[in-house]
Each structure stands twice: as structure tokens, then as C-alpha cells.
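Input: a single structure, listed below in C-alpha cells.
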Amino acid sequence: MAGIKEIEIEGFKAFPNKLILALNKNLLIYGENGSGKSSIYYALHALLQSVYKPDKGAKYFRYEDSEENLINIYKLDDVKNNGFKPYIKITLDNEHQWELSRDGLSSTPDTADDSELRLLNKTSAFINYSYISRFRSARNSETINLWNVFIKDILPFYVPAGTDKTLADIYYELVENRYPYKVQNDISNFNEKLSVFIGRVNSKASDIYNQYFKDEEDPNTLIQVKYAKDDDNIENPHHEEFQLSFKKPTAKSAYAWRYPKIGLHIEVDNIIIQKPQSFFNEARLTAIALAIRFACLQSGETQDGQFLALDDMLISLDMSNRMKVIRYLLEDVAGKYKIYLFTHDRLFYHCLKRIIETQYSREEWMFGGLYLNDLDLPVEPEFMIETTSKIKEAREAYKRHDYFRCGTLLRQSCEQYLKELLPESYRIIENGQTSETENKNLDQQILSLEEFCKKEGIDYNPFKNLKSYKDLFMNATAHNDITSPFYREEIKKCLHAIEVLSQIKRSESINCEKDLSFSVVD
């Protein structure tokens, strides 16, 4: 199977301008809110799922007849008035390109078979925080029903053997039928297919949880997902039929659907937990949800190019519980799937990056960040920054909100430009004890800058706060908290001041006092 080599996005969600991102390796991206990390996740999701949609996903780019359009708001006028065409495009390893736009799904070459997208969709998975949230949505007084979780997050990616449709699409076609009594066999087939799938999930969920997610001192936990008929011998306190069916006609209605339910059966030390949402804390429920979701990955022979896209799925876990999930991903999943992991947690990003670099195959991963510029527009991700000067590197660090590194680079730049600008007499001082000359420190050079500017007729206003900036974040001992957004505007002003400093050139002429004259005698 051909995997995804590259994705290109323009005019979709957070990206007004073109973004090209390589996806041929495992990917770890940090992105602050609004920077576009989730837009990459949803771009992949929308394009792959479009192969199953009646309109082939065109609704995401048609502003005139779809409230579901996801056109970037800054490009909407260009779409309406200038013919601009937003799109999502992926390039596969076999060089086939698939593009999603207002025209729907198209390919280059146009003879490409969409079965390659169907297989990629079938063997890959998307997991984000919405899945976790839906899983935990039951109130304490309710019995957990996971149907909404399965139909939204799992069944759109499950294609049963012998069919080219997802189980979600099969379900929607059934319930939209006006005469369900005519498709009783199809209803039974749906129930059977879902029962088989859930049986496979139950064969793996407990093992994943107990091996990777539970604390060592905790007893093993039995996790079972239930999709039952009335006569099934399961723990079903409400005696409800969970499977899809329809009620017989009554005087008031010709028919009525009885929609599916999916129950959750948990045992700890052979004790049945009737209300898991009341018994377990948030971290344990999240771990159970993830164990079930990972158990849903379709078994069978591993396909080249299959991937997991994971967007902030761990934000409800503390660092120790996150590391359990990460260990599972790196040790059990990474060899079978490419992993595209997106997070808005900067500390977690750096921690995970360090673990991968020191304990796993660094060359199999790509790291990067997505940031907002001062207009709250996304800055293109930088995976390799090549700069020719410290001030350019500082500017890039500022874009990435790496204020610690920015402070260090600004100090180095300030020292460099003062050395180039100030004559030696402004940069040295006589030691009062030894009568020897020595170099001034940075504080003293900044103070000398004011005298030099006055002497040379240079506007000193851009540099009047340079000493304060130096104490705040250009001082190596003051770097304990410069990751705080509090410093962003001050660092921006300091960056501007040093850029102005870099543009000043020392005069080559000598200004002499008017009453002084001299002559050169051979």
C-alpha cells in the first residue's frame, strides 16, 4: 500500500497561505492554540473520509450552499470575488496525488484507483480529545452508552470484510431507509458485523490496558464492550436490547427504529463496576477509553503507510500517565504505524522529543512547531532553520515563542553589534587598582552607547530600554521564567532595538575641535 509522502494545504481552516508538510516519517508537532496543528489533522481526516462521501467532500469548500465549509476566513473574499480555489492535496509514495476542493476528490493521474485511499482509510486511525470527551460524557446517574463514540470516532474507519463501505455508512443507509421491514436481512447483517468487530475489540482491550496503562500495584482490569440482544447472557441490569432493530407498526406509527446501544462492562478483582464514570478518576477512564480505541485498530497484515493521527488526546492526563501511553505507542505501535502526534503542551513536546532522541530511532522522526505571528496568523512550521546571523536566528526563535533561546541570541547579537559599532575607547576601562585597561562588561557598554550616540548625533531613543531588557532576559541568570507570555512584547521591542543597532555604521571621518589645527612636517 502506498503511504502519504506529503500534504499540501491552502485556504483551509487555519491556513490562508500554502503549507507543505512532509509526512514520510513519524511526526511530532507542537502548536499553540490557533496555530494550525488541528487543521493538519482535520485536513488528513477530511481528504481520506471524502472517498466515502456522496459529494466526495466538496461541502468543505463550497461557501454558497454549505454551512459546513471550512474555508479560511481570510480567504473567503478571494474565493467569492477572485476565483481563489482552496484545497487539500496529498502525494503518495507512488507519486499519485489526490486533491480535495470544491470540485470534490480528484487525482493525478486521473486514472488512479481510489482503492488506495480506501485501504489507507481502513488501516489508519484518527484519535483526538473529542473521542475522550464523548467517552466520558455519561452523567453519574446514567448507564454508559458508547454508541455515540463508536458511530462518530470508530465505525467511520472500520470496513468489514467483503464490503467496500465503512460500517458507519452501512448504518446510515439502513436508518435512512423508509421501509426498514424490507431490509431485515441487512439489519441482521449489520448487527452481526458489529458484534464480530466488538468481539475482536474485547480480545485485546484488557491486555493493552493491563500491560501498559495501569499502575503496577493495581489489580488487573477486565474491559468488555457489550452489543447485546435481549436473550444474550450478559450483565445487563436494564434488560434492554442493544442491537439495531425496528418496532412493529402501531396505531400511531407505521414503524419506529430502536437505535443501537453499546454498553461498557468493567470488572476489577472480579467485582463488577456498575457505574465506571463514578468509580474511576479521569485518568483511569481516559486510559480505558484509549485501550478500547487502540484495540479497535484493524488486525491483519501490517500495511506500509498506515498511520495514527493523534491530536491532543492526552491533555486530561498528568505526565506520568501520559508516559504510559507514549511507551505503548513507541514500543508496540511505532513499528506498525507511522505516528503523527500533535500537542499544544510545550513541556510535553520537549520531554517526548528528548525521549525519542535518546532512547529510540531519532532518524525515523521529524520534529517541528507551529506558531502564530503577531497578527494571530499561523507561521509555517520550521523543521530545519539555517540562518546567517544571530539576529536572524533570534527572529526565528521569537516566531516559535522560544523566548529562552531568543534571550540568549539577543545578548550575543547585542555584544556583537556593540563591538562592531563602538570605538575601542568606549569599550575599555582602566582598572583603578592595577591601572591596566580591561574590557567593559555588557552593562557598561550599553551605558557607553548613550554617550557615543550623543557624540555622533545618533537617535538614542530606540536603545533607551536596552539596559532593562538586558536585565530581564539577556542576562543568563534571569532565564528562570522567560517562557512566560509576559515577556513577548518586551522581547519584540528588544529585537527591534538590536536590529536598529545592527544597521548603524561607524563614521569613517574624524570630527576635530574648530580651534585646533595641525600640520604635517616632513
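All residue names refer to the C-alpha cells as shown: chains lettered A, B, ... in order, residues numbered from 1 in each chain, ligands numbered from 1 in order.
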Give me the residues within 6 Å of stretch 149-151 of chain A as JSON, numbers by chain, counting only C-alpha atoms and dropping any in the same chain fewer than 3 places off. {"A": [134, 146, 154, 155, 168]}
At a cut-off of 7 Å, using only C-alpha atoms, what residues contact stretch 117-122 of chain A? Leave out same-chain residues fewer than 6 positions from it and give the result as a PDB file with N, CA, C and O atoms, in the first residue's frame.
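Saved file part.pdb follows:
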ATOM      1  N   LEU A  48      -9.256  11.789   3.470  1.00  0.00           N
ATOM      2  CA  LEU A  48      -9.412  10.334   3.447  1.00  0.00           C
ATOM      3  C   LEU A  48     -10.884   9.931   3.530  1.00  0.00           C
ATOM      4  O   LEU A  48     -11.324   9.005   2.845  1.00  0.00           O
ATOM      5  N   VAL A  51     -13.577   9.929   0.320  1.00  0.00           N
ATOM      6  CA  VAL A  51     -13.758   8.846  -0.641  1.00  0.00           C
ATOM      7  C   VAL A  51     -15.077   8.121  -0.412  1.00  0.00           C
ATOM      8  O   VAL A  51     -15.627   7.491  -1.321  1.00  0.00           O
ATOM      9  N   PHE A 157     -14.119   4.339  10.299  1.00  0.00           N
ATOM     10  CA  PHE A 157     -12.827   3.821   9.847  1.00  0.00           C
ATOM     11  C   PHE A 157     -12.780   2.294   9.865  1.00  0.00           C
ATOM     12  O   PHE A 157     -11.725   1.709   9.645  1.00  0.00           O
ATOM     13  N   TYR A 158     -13.930   1.674  10.095  1.00  0.00           N
ATOM     14  CA  TYR A 158     -13.976   0.217  10.086  1.00  0.00           C
ATOM     15  C   TYR A 158     -14.723  -0.269   8.849  1.00  0.00           C
ATOM     16  O   TYR A 158     -15.903   0.020   8.672  1.00  0.00           O
ATOM     17  N   VAL A 159     -14.009  -0.980   7.991  1.00  0.00           N
ATOM     18  CA  VAL A 159     -14.596  -1.535   6.776  1.00  0.00           C
ATOM     19  C   VAL A 159     -14.638  -3.052   6.932  1.00  0.00           C
ATOM     20  O   VAL A 159     -13.592  -3.707   6.920  1.00  0.00           O
ATOM     21  N   GLN A 306       0.345   2.844   6.686  1.00  0.00           N
ATOM     22  CA  GLN A 306      -0.757   3.075   7.616  1.00  0.00           C
ATOM     23  C   GLN A 306      -0.265   3.959   8.761  1.00  0.00           C
ATOM     24  O   GLN A 306       0.895   3.903   9.163  1.00  0.00           O
TER      25      GLN A 306
END
List the spatial neighbours of stretch 214-216 of chain A as a PyMOL selection string - criterion: any atom at most 12 Å away, only C-alpha atoms, same-chain residues fewer than 2 positions off excluded. chain A and resi 206-212+218-222+268+283-288+290-291+320-325+328
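The space between atom CA of A:Arg139 and atom CA of A:Glu267 spans 19.7 Å.
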